[in-house]
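For reference, the structure discussed in these notes is given below.
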Amino acid sequence: RATTSRTTASTTTNSTSSSTSSGRGQRGRHIEVEARDEMAAARAEDGVGAAAAALEKLNFANGPAQPAPKPGGTKKAGGKKGRNAHKKALKDQMLQQRQELNRLINARLNKARFADEAGTQVRNALDDFPPFCCFDRNDLHLEIRQYARGEGETSAVPAEILDACFAMTEKNMRDLYEQAGWGWNALKKKRELEDKEARLLVATDKMSGSVVGFLHLRFLREDDDLVLYVYELQVEQASASRKGLGRHLMMLAELIARKSEMEWVMLTVLKCNEAANKFYTGLKYTVDELSPQMSVYDGDDEDEVSYVILSKRLPSRK
């Protein structure tokens, strides 16, 4: 899965500002006042995006320290000791702002994952979308429920659900994993489904209760971005393939991501899985900047990479 930090727009802007600013001046002081007001408003609203923008503006306002005066020039009061104290104060201030931004991001992530502040009760992401929890079309009559590992037996994922999801994944993916050179690791795949961060949206037949398809989601943080990562999307090939269930589950995933204030939906797809690549391209997913193909240099063999990371940027909530 994605392990490299995403390069955010704020990082790019910050490096550009630092290279072009020669001192704070009147505009720097004006921006700093604006930034402090915006940070206060962001804390009040618990808004991560606003806090990040305000932090970036304050970084610009502070700018690099003024160069030391040349010999014979007018010396600032306090000399080198005073400048060092000023630099330390700025550094401490920026550290506090970074800690505040981290707090806001983590608070939003925990809010997406859990229904309580203690982080013990898993939030049911489907509670906000009752109409989408039924799928009645193309001879399929399904209900969709969320399962997730919890603190007690009542919230644990039933063994029969885990077994059915694993069996479907093995049936659909084992040959593709081996074709890609990954090999099939049954224990690893079972542990993925049982992970405490896993959220399983499972579609079962209303009459028989058999599992017809499922979606494995996780709420993650990539640097300063919040991501809904699609670990698995599987449907029963014999009875549910090409009947719209996969598209319905992905639409549900995007609705959940927006409601949870995630900024991206991401997933990994094998190159050899042509049907999946075509499916996600049709849903407007594109190659993410974290994908290995985006960092291949001249002389590197791109064909050695057997997978692609795809993503879709979600519109920001106003």
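Labeling convention for the structure tokens: chains A, B, ... as they appear, residues from 1 per chain, ligands from 1 in order of appearance.
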
Spatial neighbours of region 247-255 of chain A, 8 Å, only C-alpha atoms, chain gap at least 4 places, as a count of residues only = 6

Could you pull out all residues of region 121-227 of chain A with a DSSP call of strand (DSSP E) and give them as a compact mmCIF listing (two decimals) with C-alpha atoms, in the first residue's frame?
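Okay, states.txt is ready:
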# COMPACT_ATOMS: atom_id res chain seq x y z
CA CYS A 134 -30.19 -1.92 -0.44
CA PHE A 135 -29.38 -3.03 -3.98
CA ASP A 136 -32.40 -4.26 -5.96
CA ARG A 137 -31.67 -4.43 -9.65
CA LEU A 140 -30.08 -9.05 -7.42
CA HIS A 141 -31.80 -8.33 -4.10
CA LEU A 142 -29.12 -7.41 -1.58
CA GLU A 143 -28.67 -5.61 1.70
CA ILE A 144 -25.39 -3.94 2.62
CA ARG A 145 -24.05 -3.84 6.18
CA GLN A 146 -20.83 -2.66 7.77
CA TYR A 147 -18.71 -5.02 9.83
CA ARG A 199 -14.20 -1.53 7.62
CA LEU A 200 -16.06 -4.18 5.61
CA LEU A 201 -19.16 -3.19 3.67
CA VAL A 202 -20.72 -6.55 2.87
CA ALA A 203 -23.56 -7.16 0.39
CA THR A 204 -25.61 -10.27 1.20
CA ASP A 205 -28.61 -11.85 -0.50
CA VAL A 211 -22.20 -12.94 0.60
CA VAL A 212 -22.41 -11.62 -2.96
CA GLY A 213 -19.80 -8.85 -2.75
CA PHE A 214 -17.87 -6.65 -0.33
CA LEU A 215 -15.76 -3.54 0.00
CA HIS A 216 -12.78 -3.30 2.39
CA LEU A 217 -12.12 0.32 3.41
CA ARG A 218 -9.72 2.11 5.73
CA PHE A 219 -9.52 5.71 6.92
CA LEU A 220 -5.85 6.72 6.71
CA ARG A 221 -3.59 9.73 6.89
CA GLU A 222 -1.03 10.45 4.14
CA ASP A 225 -4.01 14.50 3.61
CA LEU A 226 -6.89 12.35 4.83
CA VAL A 227 -7.51 9.32 2.61

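Between CA of Thr268 (chain A) and CA of Tyr231 (chain A) there is a distance of 7.3 Å.
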
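When CA of Ala156 (chain A) is paired with CA of Arg123 (chain A), their separation reads 13.3 Å.
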
Quiz item: Got a sec to tell me which of region 53-294 of chain A DSSP assigns to alpha helix (DSSP H), as number ranges by chain?
Solution: A: 53-62, 79-113, 159-179, 186-194, 237-240, 245-259, 274-282
